[in-house]
Each structure stands twice: as C-alpha cells, then as structure tokens.
$ cat query_24.cif   # mmCIF, C-alpha atoms
data_run
#
loop_
_atom_site.label_atom_id
_atom_site.label_comp_id
_atom_site.auth_asym_id
_atom_site.auth_seq_id
_atom_site.Cartn_x
_atom_site.Cartn_y
_atom_site.Cartn_z
CA MET A 19 15.76 14.62 0.56
CA ASN A 20 15.82 11.34 -1.37
CA GLU A 21 12.47 10.37 -2.93
CA VAL A 22 11.84 6.88 -4.31
CA PHE A 23 8.85 6.16 -6.54
CA VAL A 24 7.07 2.85 -6.05
CA ASN A 25 5.36 1.96 -9.30
CA MET A 26 2.46 -0.42 -9.87
CA GLY A 27 3.32 -3.88 -8.58
CA GLN A 28 6.53 -2.71 -6.90
CA ILE A 29 7.78 -2.61 -3.32
CA GLY A 30 10.06 0.07 -1.88
CA VAL A 31 11.80 0.29 1.50
CA MET A 32 13.80 3.02 3.25
CA SER A 33 15.24 3.64 6.68
CA LYS A 34 15.92 6.76 8.72
CA ASN A 35 14.89 9.41 6.15
CA GLY A 36 13.59 9.94 2.64
CA ILE A 37 10.20 9.74 0.98
CA LEU A 38 8.47 6.73 -0.55
CA THR A 39 5.87 7.84 -3.11
CA THR A 40 3.32 6.05 -5.23
CA VAL A 41 1.00 7.67 -7.74
CA GLY A 42 -1.90 6.43 -9.81
CA LEU A 43 -3.75 4.67 -7.02
CA GLY A 44 -7.09 4.15 -8.74
CA SER A 45 -8.47 0.72 -7.93
CA CYS A 46 -4.97 -0.20 -6.72
CA VAL A 47 -4.17 -0.01 -3.01
CA GLY A 48 -1.06 1.60 -1.56
CA VAL A 49 0.17 -0.17 1.58
CA VAL A 50 2.66 1.34 4.01
CA LEU A 51 4.30 -0.61 6.84
CA TYR A 52 6.21 1.41 9.42
CA ASP A 53 8.31 0.75 12.51
CA ALA A 54 8.45 4.03 14.43
CA TYR A 55 11.31 2.93 16.69
CA SER A 56 13.75 1.92 13.94
CA LYS A 57 12.29 4.44 11.44
CA VAL A 58 11.92 1.83 8.71
CA GLY A 59 9.17 2.24 6.15
CA ALA A 60 8.06 -0.02 3.33
CA MET A 61 5.50 0.63 0.60
CA ALA A 62 3.72 -1.56 -1.95
CA HIS A 63 1.49 -0.58 -4.86
CA VAL A 64 -0.95 -3.52 -4.98
CA PHE A 65 -2.61 -4.01 -8.35
CA LEU A 66 -4.89 -7.03 -7.79
CA ALA A 67 -6.33 -9.00 -4.87
CA GLU A 68 -4.79 -12.40 -5.48
CA SER A 69 -2.23 -14.12 -7.61
CA ARG A 70 -3.15 -16.96 -9.90
CA LYS A 71 -1.33 -20.25 -10.20
CA ASP A 72 -0.22 -19.35 -13.71
CA SER A 73 0.89 -15.84 -12.77
CA ASN A 74 4.46 -15.13 -11.92
CA GLY A 75 3.95 -13.62 -8.47
CA ALA A 76 7.46 -14.64 -7.49
CA LEU A 77 8.90 -12.07 -9.91
CA THR A 78 6.51 -9.25 -8.98
CA PRO A 79 5.36 -9.95 -5.41
CA GLY A 80 4.08 -6.38 -4.97
CA LYS A 81 1.46 -6.86 -7.67
CA TYR A 82 -0.97 -9.01 -5.64
CA ALA A 83 -2.24 -8.56 -2.07
CA ASP A 84 -1.56 -12.19 -1.17
CA THR A 85 2.09 -11.94 -2.19
CA ALA A 86 2.71 -8.24 -1.49
CA ILE A 87 1.99 -8.25 2.25
CA PRO A 88 4.38 -11.11 3.12
CA ALA A 89 7.06 -9.63 0.83
CA LEU A 90 6.56 -6.16 2.32
CA ILE A 91 6.99 -7.53 5.84
CA GLU A 92 10.14 -9.38 4.77
CA CYS A 93 11.61 -6.24 3.16
CA ALA A 94 10.89 -4.11 6.23
CA VAL A 95 12.48 -6.66 8.59
CA LYS A 96 15.56 -7.00 6.35
CA ALA A 97 15.93 -3.20 6.51
CA GLY A 98 15.92 -3.27 10.33
CA ALA A 99 12.26 -3.15 11.37
CA ASP A 100 10.94 -5.30 14.19
CA ARG A 101 8.00 -7.30 12.84
CA ASN A 102 6.14 -6.89 16.15
CA ARG A 103 6.28 -3.09 15.95
CA LEU A 104 4.99 -2.76 12.36
CA THR A 105 1.82 -0.78 11.77
CA ALA A 106 0.01 -0.26 8.48
CA LYS A 107 -1.66 2.59 6.63
CA ILE A 108 -3.54 2.02 3.38
CA ALA A 109 -4.98 4.21 0.64
CA GLY A 110 -6.70 3.72 -2.71
CA GLY A 111 -9.15 1.10 -3.86
CA ALA A 112 -11.41 3.51 -5.72
CA HIS A 113 -14.38 2.32 -7.76
CA LEU A 114 -13.49 3.94 -11.06
CA PHE A 115 -16.09 2.22 -13.23
CA SER A 116 -19.27 3.07 -11.31
CA ASN A 117 -21.06 4.05 -14.53
CA PHE A 118 -21.12 0.36 -15.49
CA GLY A 119 -23.24 -0.36 -12.42
CA SER A 120 -21.85 -3.86 -11.92
CA ASN A 121 -20.32 -4.62 -8.55
CA SER A 122 -18.29 -7.38 -10.22
CA LEU A 123 -16.22 -4.63 -11.84
CA ASN A 124 -15.43 -3.07 -8.45
CA VAL A 125 -11.80 -4.12 -8.40
CA GLY A 126 -11.05 -1.44 -5.81
CA SER A 127 -13.27 -2.94 -3.09
CA LYS A 128 -11.85 -6.41 -3.80
CA ASN A 129 -8.33 -5.02 -3.43
CA ILE A 130 -9.17 -3.24 -0.17
CA LYS A 131 -10.74 -6.39 1.27
CA ALA A 132 -7.77 -8.57 0.23
CA VAL A 133 -5.18 -6.15 1.68
CA ILE A 134 -7.07 -5.91 4.98
CA GLU A 135 -7.39 -9.71 5.17
CA GLN A 136 -3.67 -10.19 4.54
CA LEU A 137 -2.70 -7.58 7.16
CA GLU A 138 -5.06 -9.18 9.70
CA LYS A 139 -3.60 -12.61 8.89
CA ALA A 140 -0.12 -11.17 9.58
CA ASN A 141 -1.34 -9.51 12.83
CA ILE A 142 -0.36 -6.04 11.62
CA PRO A 143 -2.76 -3.33 12.80
CA ILE A 144 -4.12 -0.83 10.30
CA ILE A 145 -3.90 2.48 12.13
CA SER A 146 -5.26 4.68 9.36
CA GLN A 147 -6.75 4.46 5.90
CA ASP A 148 -8.19 6.54 3.08
CA THR A 149 -9.93 4.05 0.80
CA ALA A 150 -12.84 3.59 -1.63
CA GLY A 151 -14.56 6.54 -3.32
CA ASN A 152 -14.29 7.15 -7.04
CA ARG A 153 -11.11 9.21 -7.49
CA GLY A 154 -7.46 8.34 -7.83
CA ARG A 155 -4.84 9.12 -5.21
CA LYS A 156 -1.16 9.75 -4.58
CA MET A 157 0.43 8.43 -1.38
CA ARG A 158 3.69 9.58 0.24
CA LEU A 159 5.49 8.20 3.30
CA PHE A 160 7.93 10.51 5.06
CA VAL A 161 10.21 7.88 6.58
CA GLU A 162 11.81 10.04 9.29
CA THR A 163 8.44 10.85 10.90
CA GLY A 164 6.15 8.07 9.68
CA ILE A 165 3.70 10.65 8.34
CA VAL A 166 1.66 9.42 5.38
CA GLU A 167 0.19 12.08 3.12
CA VAL A 168 -2.58 11.22 0.67
CA THR A 169 -3.67 13.48 -2.15
CA THR A 170 -6.98 12.64 -3.80
CA ILE A 171 -7.52 14.08 -7.28
CA GLY A 172 -9.31 17.43 -6.98
CA GLN A 173 -8.79 17.68 -3.20
CA GLU A 174 -6.23 18.99 -0.74
CA SER A 175 -3.57 16.65 0.62
CA LYS A 176 -4.28 15.15 4.03
CA GLU A 177 -2.36 13.20 6.62
CA ILE A 178 -3.62 9.73 7.45
#
$ encode --input "query_24.cif" --output "structure tokens"
Amino acid sequence: MNEVFVNMGQIGVMSKNGILTTVGLGSCVGVVLYDAYSKVGAMAHVFLAESRKDSNGALTPGKYADTAIPALIECAVKAGADRNRLTAKIAGGAHLFSNFGSNSLNVGSKNIKAVIEQLEKANIPIISQDTAGNRGRKMRLFVETGIVEVTTIGQESKEI
C-alpha cells in the first residue's frame, strides 16, 4: 500500500486507497479532512497558528492554520471530494515546554485553537480529536476506510 509522508508545513492528498502519515506532532497540529463517499483524504501538518504579512504563506500554505485549512479544502475538492461532505479529525498541539511555566510559550494550545477556529469558519465539523497533553504524536490516515490512527509517544496507538 502506498504511504505518503506529510512533513511539517506540508499538505498531502490521496483518493481511494493509501496512507497519509505525519510524524513529529509536538506543538504542531495534524489536520485530516475526509469525504467518506468519494474516499478522498487530505492531511496538513500545521506548524503555527497564523501567518504574518511578511511570511511567505503562499509558498507553504500548510505551515499556518489560517492558510492551511483553506488550502486543505481546495486540495481535497480538486481530488474529488465534495466540500459539503468533508469532516475533520485533529491531533497534536502538545505543551512541550511546561517546565518554563509560562502560558505564552504554549504554542500547542494556540495551534489547536486556531485550527478549530478555521474549521468552524469553513463549516467543517470536527468529529474526533486527540489534542493537548505534553507528548508528541504520529498521525496516520487510512484513505480507503477513513480511519485515523494516532500514536502518542510511550503509549499504544488508538483510533480517533
């Protein structure tokens, strides 16, 4: 089975079968959009909550929540998904620097909030999530079935 890795700031899309995988979800958030009828899945590895005017979000739309969600929707639709049937699953957004004690360093919670806001703005329901905590994760989408498997460091894999 074909497996495609979606690295930090990237977007991947597949239809019918295959696996989309992202690793290293610390404070980053993995976002999966899926259309069960057409069996189209799209995944983004979101690095930060929002793009800046001086950043080049146009070249790496998957890097920021405010550019990743619209780009992810566009990629899924181009691959054959119906925008009205898309559902979302998210994972990641860990607070990896809790020993510093400052909430301003909690990039993970900012990323989670931004991804949720963008999905709500796009009217895409989040049907499952595995977010926050203080450990990194790996996320895999099995495109044929829509199953999303999340493996948290030091724990067993689970379906979300």
$ resolve_selection --input "query_24.cif" --expression "the PyMOL selection byres ((chain A and resi 42) around 10)" --output "PDB file with C-alpha atoms, in the frame of the given file"
ATOM      1  CA  ASN A  25       5.360   1.960  -9.300  1.00  0.00           C
ATOM      2  CA  MET A  26       2.460  -0.420  -9.870  1.00  0.00           C
ATOM      3  CA  THR A  40       3.320   6.050  -5.230  1.00  0.00           C
ATOM      4  CA  VAL A  41       1.000   7.670  -7.740  1.00  0.00           C
ATOM      5  CA  LEU A  43      -3.750   4.670  -7.020  1.00  0.00           C
ATOM      6  CA  GLY A  44      -7.090   4.150  -8.740  1.00  0.00           C
ATOM      7  CA  SER A  45      -8.470   0.720  -7.930  1.00  0.00           C
ATOM      8  CA  CYS A  46      -4.970  -0.200  -6.720  1.00  0.00           C
ATOM      9  CA  VAL A  47      -4.170  -0.010  -3.010  1.00  0.00           C
ATOM     10  CA  GLY A  48      -1.060   1.600  -1.560  1.00  0.00           C
ATOM     11  CA  HIS A  63       1.490  -0.580  -4.860  1.00  0.00           C
ATOM     12  CA  GLY A 110      -6.700   3.720  -2.710  1.00  0.00           C
ATOM     13  CA  ARG A 153     -11.110   9.210  -7.490  1.00  0.00           C
ATOM     14  CA  GLY A 154      -7.460   8.340  -7.830  1.00  0.00           C
ATOM     15  CA  ARG A 155      -4.840   9.120  -5.210  1.00  0.00           C
ATOM     16  CA  LYS A 156      -1.160   9.750  -4.580  1.00  0.00           C
ATOM     17  CA  MET A 157       0.430   8.430  -1.380  1.00  0.00           C
ATOM     18  CA  ILE A 171      -7.520  14.080  -7.280  1.00  0.00           C
TER      19      ILE A 171
END
$ resolve_selection --input "query_24.cif" --expression "the PyMOL selection byres ((chain A and resi 105) around 10)" --output "PyMOL selection string"
chain A and resi 50-54+59+101-104+106-107+137+141-146
$ resolve_selection --input "query_24.cif" --expression "the PyMOL selection byres ((chain A and resi 34) around 7)" --output "PDB file with C-alpha atoms, in the coordinates of the input"
ATOM      1  CA  MET A  32      13.800   3.020   3.250  1.00  0.00           C
ATOM      2  CA  SER A  33      15.240   3.640   6.680  1.00  0.00           C
ATOM      3  CA  ASN A  35      14.890   9.410   6.150  1.00  0.00           C
ATOM      4  CA  LYS A  57      12.290   4.440  11.440  1.00  0.00           C
ATOM      5  CA  VAL A  58      11.920   1.830   8.710  1.00  0.00           C
ATOM      6  CA  VAL A 161      10.210   7.880   6.580  1.00  0.00           C
ATOM      7  CA  GLU A 162      11.810  10.040   9.290  1.00  0.00           C
TER       8      GLU A 162
END
$ atom_distance --input "query_24.cif" --atom1 "atom CA of A:Glu174" --atom2 "atom CA of A:Phe65"
24.5 Å
$ atom_distance --input "query_24.cif" --atom1 "atom CA of A:Gln136" --atom2 "atom CA of A:Gln28"
17.1 Å
